[in-house]
Amino acid sequence: MSILIKDTTREERKKIVAESLGNLEGACDGCMAGLAEMYQDYIDGKKEIREINMEYNARYVSGNDGPSRSGCGYAD
């Protein structure tokens with residue numbers, strides 16, 4: 001099964017993200033909510049998962065403009 005935007009519907013992409021991240025509702029203090037937001041562009045059909053992951057990794061390695069962790073949640 002392809003997960004590319006061209007091969008999936010919005011609902012399928014939403015399900016792919018939800019299944020990949022696990023139980024979003026049972027997450028501690030919103031730490032999983034930040035991850036779900038990170039993939040919103042994929043769900044909306046704007047960016048492939050690969051692009052989002054590459055952008056996140058580039059910020060993580062460079063230290064620029066990435067989310068910072070505070071305990072279990074992400075701080076702005």
# chains A, B, ... in the order shown; residues from 1 in each chain; ligands from 1
>>> residues_around(residues="Ile3 in chain A", least_positions_apart="6", cutoff="9 Å", atoms="only C-alpha atoms", output="JSON, numbers by chain")
{"A": [12, 13, 16, 48, 49]}
>>> atom_distance(atom1="CA of Thr9 in chain A", atom2="CA of Tyr42 in chain A")
10.7 Å
>>> atom_distance(atom1="CA of Gln40 in chain A", atom2="CA of Val17 in chain A")
8.9 Å
>>> atom_distance(atom1="CA of Arg10 in chain A", atom2="CA of Asn57 in chain A")
24.6 Å
